[in-house]
Amino acid sequence: MEIIVCIKRVPKTAEADLVIDKTERDIEKEGLVFDINEWDNYAVEEAILLKEKYGGTVTAISMGPEEVNETLRRALAMGADQAIRLTDPGFEGSDGYAIARVLSRAINPLAYDLVLTGVQAEDDGYGQVGPTLAELLGIRHVAIVNQIEGIENGRARVHRELEGGLDEVIDLELPAVLTIQTGINEPRYVSIIGIRKVAQKEIKVLGLQDLGMKLEEAGEPGSMTVVEKVFFPPVGEGAQMLEGTMDEISDKVIAILKEKGGVA
Amino acid sequence: MEAQKNELLQKFELYGCFQCGKCTGGCPVSLKSKLNIRKLMIEVLLRENLSNMIQRDELWDCTTCKTCTLRCPRGLEPMDLLIGMRALSVEEGHIPKTIIEALEGAYKYGNPWNAAKNKRSDWANELELKVFPQGGKAANLYFVCCTAAYDTRVQNVGRSLVQCFRQIGYDFATLGNDETCCGSEIRRMGEEGLFEMLMEGNIESINKYDIRSIVTTSPHCYNTIKNDYAQDGLEVRHYTQILAEAIEGKNPFSGEMRKVITYHDPCFLGKQNGIFDEPRQILQSIPGVTFIDFDRSRENSLCCEGGGGRMWVESSDQGPRLAEIRVQDAVDMGAEILATACPFCLLTLEDAVKTTGNEEKLRVMDISEILVEVL
């Protein structure tokens, strides 16, 4: 079983105070902490679990500057066998479609049975790369997979969660792209010693030319969408900011909940 | 796994164990957990394969209070063997999710609470503290601790301590947002590589500002900076030592408090570092206070179960929390205030006051908070 897993390095924004940068098309990334996209972490773990069950190799692929090596090393430490980093000034500004095209060019010459991606990325949240990649590779895909039941005779049986908690079970022929949902497994911890052990492992670097791509096929020229502006949602009515110590705020919250009928 | 087994055999001199059982006899969790430290010593010796052993949930029940090691008549280190077992588990990666979150938080944000790095000093926003990285100059570094910096309950301990230090004229500055986790709990969760990283970062800061003397809020930071970092020429003290010294002679805390107070010894301060008297001296110096000691106090103190990573993982056993036993004992002997001097003890004991329904009877306070009331 040859598995390719596509991963992305993203800024962690849950606890940070975000600032929109001067271009008004992105956020300030200075001072933010970066790590593997949460969905992709589950995809890497799933790839390793499949390898442990069925044998074969796992190749991790990511796009971006040198810092992305850190994310790829993390995947290697988890158990991936090879890592490829796609980087080129011409890739900058790529939307989901252009990213999928670059990935498809890198993946096309490789031998593979399965391509795993996360359902979506924490930063832009488009959820486009997986299905678009499948189209460009001309293979099947299943999105939002929350269980891979088994793989036999070149076919996989996978589950996806639908609205209302319904489970859809799909039997499909490989190769295929599966976009992996969080919660499908419990990603293992990657220790510092584990990362040190793979520090010397080669990360293959490929650019526009290596992939036989033209400038107009990637980056902004190769994209179908352009971000014109990012902004914070306008402040609406109805929010009440509570002030005071934690105890005082807690008392106020309880009083409000009681008053509005939230608790008895 | 065999190489790792041999390493454990050698490192912890497992052939030296004669199975006397003093370790398990003193272990505060062995009565309720499947964890049996004596059995672990011989199992590692006898078992061919450790892979199943390192998957056991009860490995995470240990609070690293160190009673087993301190009681061993052969001078062996059962607690460190347990941490060594955790380390194998950490390296393999299959560890409790909440432990993973704490470790990743320490790596990414410099604290196991996963809070933003640039909000680390927000607790002191209105206190106008001197900060070394902002050019502040002082004779001593106040090492705040992740829990005192971010936990809304324990932040009050940091603020109280600042008031105490000012009252006694103790000159200090902090590292502000540059302070990172000391790594005490990280090491005890078995993540030695990450501990080293955190230690190197903190030592770099200490050297950068030519710091020779450190005071800590937490006994855990105190223990690890003093004994694990073990830097020559660096004086490390717990705040109770500074305050106990200051009250000798003319006591700057002269207010009165008519209360019955008992004191819970934090394991990392008492058992592990022999600081038993200073906290008691401080409490007994307060006019009006009636001080009573627990039956199990000092070397025999009962662990609160907050150490060794246990703040981030629930124990596998179903027994009563030791902190609840502690609180009930305090109520039964008529204490009105249960004092302690550790952020973890403060949190576990205060939770236990709530879960045992003793909120009306017993208040849990840090010694610094008590002193602020008698300023």
# chains A, B, ... in the order shown; residues from 1 in each chain; ligands from 1
>>> residues_around(residues="Ser104 of chain A", least_positions_apart="4", cutoff="7 Å", atoms="only C-alpha atoms", output="JSON list (two decimals) with C-alpha atoms, in the first residue's frame")
[["chain", "number", "residue", "atom", "x", "y", "z"],
["A", 100, "ALA", "CA", -4.31, 21.18, -6.04],
["A", 108, "ASN", "CA", 1.19, 12.13, -10.79],
["A", 133, "LEU", "CA", -6.81, 17.17, -6.47],
["A", 136, "LEU", "CA", -7.00, 16.69, -11.56],
["A", 137, "LEU", "CA", -5.53, 13.22, -10.95]]
>>> residues_around(residues="Pro73 of chain B", least_positions_apart="3", cutoff="12 Å", atoms="only C-alpha atoms", output="PDB file with N, CA and C atoms, in the first residue's frame")
ATOM      1  N   GLY B  16      19.556  -4.388  42.302  1.00  0.00           N
ATOM      2  CA  GLY B  16      19.803  -3.998  43.701  1.00  0.00           C
ATOM      3  C   GLY B  16      18.550  -4.046  44.553  1.00  0.00           C
ATOM      4  N   CYS B  17      17.372  -4.135  43.926  1.00  0.00           N
ATOM      5  CA  CYS B  17      16.110  -4.104  44.674  1.00  0.00           C
ATOM      6  C   CYS B  17      15.882  -5.442  45.350  1.00  0.00           C
ATOM      7  N   PHE B  18      15.644  -5.434  46.677  1.00  0.00           N
ATOM      8  CA  PHE B  18      15.358  -6.717  47.340  1.00  0.00           C
ATOM      9  C   PHE B  18      13.877  -6.835  47.735  1.00  0.00           C
ATOM     10  N   GLN B  19      13.043  -6.025  47.064  1.00  0.00           N
ATOM     11  CA  GLN B  19      11.591  -6.191  47.195  1.00  0.00           C
ATOM     12  C   GLN B  19      11.084  -6.053  48.626  1.00  0.00           C
ATOM     13  N   CYS B  20      11.657  -5.125  49.386  1.00  0.00           N
ATOM     14  CA  CYS B  20      11.223  -4.965  50.777  1.00  0.00           C
ATOM     15  C   CYS B  20       9.833  -4.345  50.870  1.00  0.00           C
ATOM     16  N   GLY B  21       9.458  -3.551  49.833  1.00  0.00           N
ATOM     17  CA  GLY B  21       8.099  -2.999  49.813  1.00  0.00           C
ATOM     18  C   GLY B  21       7.939  -1.659  50.507  1.00  0.00           C
ATOM     19  N   LYS B  22       9.029  -1.071  50.950  1.00  0.00           N
ATOM     20  CA  LYS B  22       8.891   0.246  51.595  1.00  0.00           C
ATOM     21  C   LYS B  22       8.360   1.287  50.615  1.00  0.00           C
ATOM     22  N   CYS B  23       8.729   1.116  49.341  1.00  0.00           N
ATOM     23  CA  CYS B  23       8.282   2.073  48.309  1.00  0.00           C
ATOM     24  C   CYS B  23       6.769   2.061  48.198  1.00  0.00           C
ATOM     25  N   THR B  67       8.045   9.855  47.342  1.00  0.00           N
ATOM     26  CA  THR B  67       8.088   9.138  48.615  1.00  0.00           C
ATOM     27  C   THR B  67       8.810   7.800  48.451  1.00  0.00           C
ATOM     28  N   CYS B  68       8.533   7.090  47.368  1.00  0.00           N
ATOM     29  CA  CYS B  68       9.148   5.768  47.153  1.00  0.00           C
ATOM     30  C   CYS B  68      10.679   5.873  47.155  1.00  0.00           C
ATOM     31  N   THR B  69      11.187   6.824  46.401  1.00  0.00           N
ATOM     32  CA  THR B  69      12.634   6.988  46.292  1.00  0.00           C
ATOM     33  C   THR B  69      13.233   7.400  47.639  1.00  0.00           C
ATOM     34  N   LEU B  70      12.528   8.294  48.331  1.00  0.00           N
ATOM     35  CA  LEU B  70      13.057   8.768  49.611  1.00  0.00           C
ATOM     36  C   LEU B  70      13.060   7.669  50.669  1.00  0.00           C
ATOM     37  N   LEU B  76      17.797   3.254  45.869  1.00  0.00           N
ATOM     38  CA  LEU B  76      17.388   3.149  44.467  1.00  0.00           C
ATOM     39  C   LEU B  76      16.349   4.235  44.147  1.00  0.00           C
ATOM     40  N   GLU B  77      16.012   4.314  42.856  1.00  0.00           N
ATOM     41  CA  GLU B  77      15.139   5.411  42.445  1.00  0.00           C
ATOM     42  C   GLU B  77      13.897   4.912  41.694  1.00  0.00           C
ATOM     43  N   PRO B  78      12.954   4.317  42.447  1.00  0.00           N
ATOM     44  CA  PRO B  78      11.748   3.789  41.794  1.00  0.00           C
ATOM     45  C   PRO B  78      10.995   4.861  41.016  1.00  0.00           C
TER      46      PRO B  78
END
>>> interface_residues(of="chain B", to="chain A", cutoff="6 Å", atoms="only C-alpha atoms", output="list of chain:residue names")
B:Glu91, B:Gly93, B:His94, B:Ile100, B:Ala116, B:Gly193, B:Leu194
>>> select_by_dssp(residues="segment 73-221 of chain A", states="helix (DSSP H, G or I)", output="VMD selection string")
chain A and resid 73 to 78 89 to 91 96 to 107 129 to 137 163 to 165 192 to 197 215 to 217
>>> closest_residue(among="B:Glu305, B:Glu196, B:Glu2, B:Glu204", to="Phe268 of chain B", atoms="only C-alpha atoms")
B:Glu305
>>> residues_around(residues="Glu359 of chain B", least_positions_apart="2", cutoff="12 Å", atoms="only C-alpha atoms", output="PDB file with C-alpha atoms, in the first residue's frame")
ATOM      1  CA  VAL B 327      -9.788  18.621  53.105  1.00  0.00           C
ATOM      2  CA  GLN B 328     -11.993  16.367  55.217  1.00  0.00           C
ATOM      3  CA  VAL B 331     -12.448  20.222  58.518  1.00  0.00           C
ATOM      4  CA  GLU B 336     -10.925  27.363  59.128  1.00  0.00           C
ATOM      5  CA  ILE B 337      -8.135  27.989  56.659  1.00  0.00           C
ATOM      6  CA  LEU B 338      -6.125  25.352  54.829  1.00  0.00           C
ATOM      7  CA  LEU B 349      -7.401  21.352  47.455  1.00  0.00           C
ATOM      8  CA  GLU B 350      -9.798  24.106  46.458  1.00  0.00           C
ATOM      9  CA  ASP B 351     -11.533  21.758  44.018  1.00  0.00           C
ATOM     10  CA  ALA B 352     -11.781  19.207  46.825  1.00  0.00           C
ATOM     11  CA  VAL B 353     -13.409  21.767  49.134  1.00  0.00           C
ATOM     12  CA  LYS B 354     -16.106  22.196  46.476  1.00  0.00           C
ATOM     13  CA  THR B 355     -16.575  18.492  45.716  1.00  0.00           C
ATOM     14  CA  THR B 356     -16.870  17.645  49.415  1.00  0.00           C
ATOM     15  CA  GLY B 357     -19.324  20.500  50.013  1.00  0.00           C
ATOM     16  CA  LYS B 361     -16.394  25.622  56.497  1.00  0.00           C
ATOM     17  CA  LEU B 362     -12.944  25.792  54.960  1.00  0.00           C
ATOM     18  CA  ARG B 363     -11.020  28.320  52.884  1.00  0.00           C
ATOM     19  CA  VAL B 364      -7.967  27.246  50.893  1.00  0.00           C
TER      20      VAL B 364
END
>>> residues_around(residues="Phe165 of chain B", least_positions_apart="6", cutoff="12 Å", atoms="only C-alpha atoms", output="PyMOL selection string")
chain B and resi 129+140-142+158-159+171-173+215-217+239-247+252-253+368+371-372+375
>>> closest_residue(among="A:Gly96, A:Asp40, A:Arg105, A:Glu67", to="Gly207 of chain A", atoms="only C-alpha atoms")
A:Arg105
>>> closest_residue(among="A:Glu217, A:Glu259, A:Glu228, A:Glu46", to="Leu114 of chain A", atoms="only C-alpha atoms")
A:Glu46
>>> select_by_dssp(residues="segment 169-222 of chain A", states="strand (DSSP E or B)", output="ChimeraX atom specification")
/A:169-173,176-180,203-206
>>> residues_around(residues="His159 of chain A", least_positions_apart="5", cutoff="8 Å", atoms="only C-alpha atoms", output="compact mmCIF listing (two decimals) with C-alpha atoms, in the first residue's frame")
# COMPACT_ATOMS: atom_id res chain seq x y z
CA VAL A 145 -14.00 10.40 5.98
CA ASN A 146 -14.35 9.40 9.63
CA GLN A 147 -13.50 5.72 9.35
CA ILE A 148 -11.54 3.50 6.97
CA GLU A 149 -13.12 0.14 7.63
CA ASP A 167 -23.25 7.37 8.56
CA GLU A 168 -22.67 6.84 4.84
CA VAL A 169 -20.65 3.76 3.91
CA ILE A 170 -18.86 3.82 0.57
>>> residues_around(residues="Thr147 of chain B", least_positions_apart="4", cutoff="7 Å", atoms="only C-alpha atoms", output="number ranges by chain")
B: 151, 154, 343
>>> write_last_selection(atoms="C-alpha atoms", output="compact mmCIF listing (two decimals), in the first residue's frame")
# COMPACT_ATOMS: atom_id res chain seq x y z
CA ASP B 151 -4.65 30.36 35.85
CA VAL B 154 -3.51 31.29 40.93
CA PRO B 343 -0.16 26.48 42.82
>>> atom_distance(atom1="atom CA of Ala43 of chain A", atom2="atom CA of Gln181 of chain A")
7.9 Å
>>> residues_around(residues="Glu52 of chain A", least_positions_apart="5", cutoff="12 Å", atoms="only C-alpha atoms", output="PyMOL selection string")
chain A and resi 1-3+45-47+57-58+78-80
>>> atom_distance(atom1="atom CA of Ala115 of chain B", atom2="atom CA of Pro219 of chain B")
21.4 Å
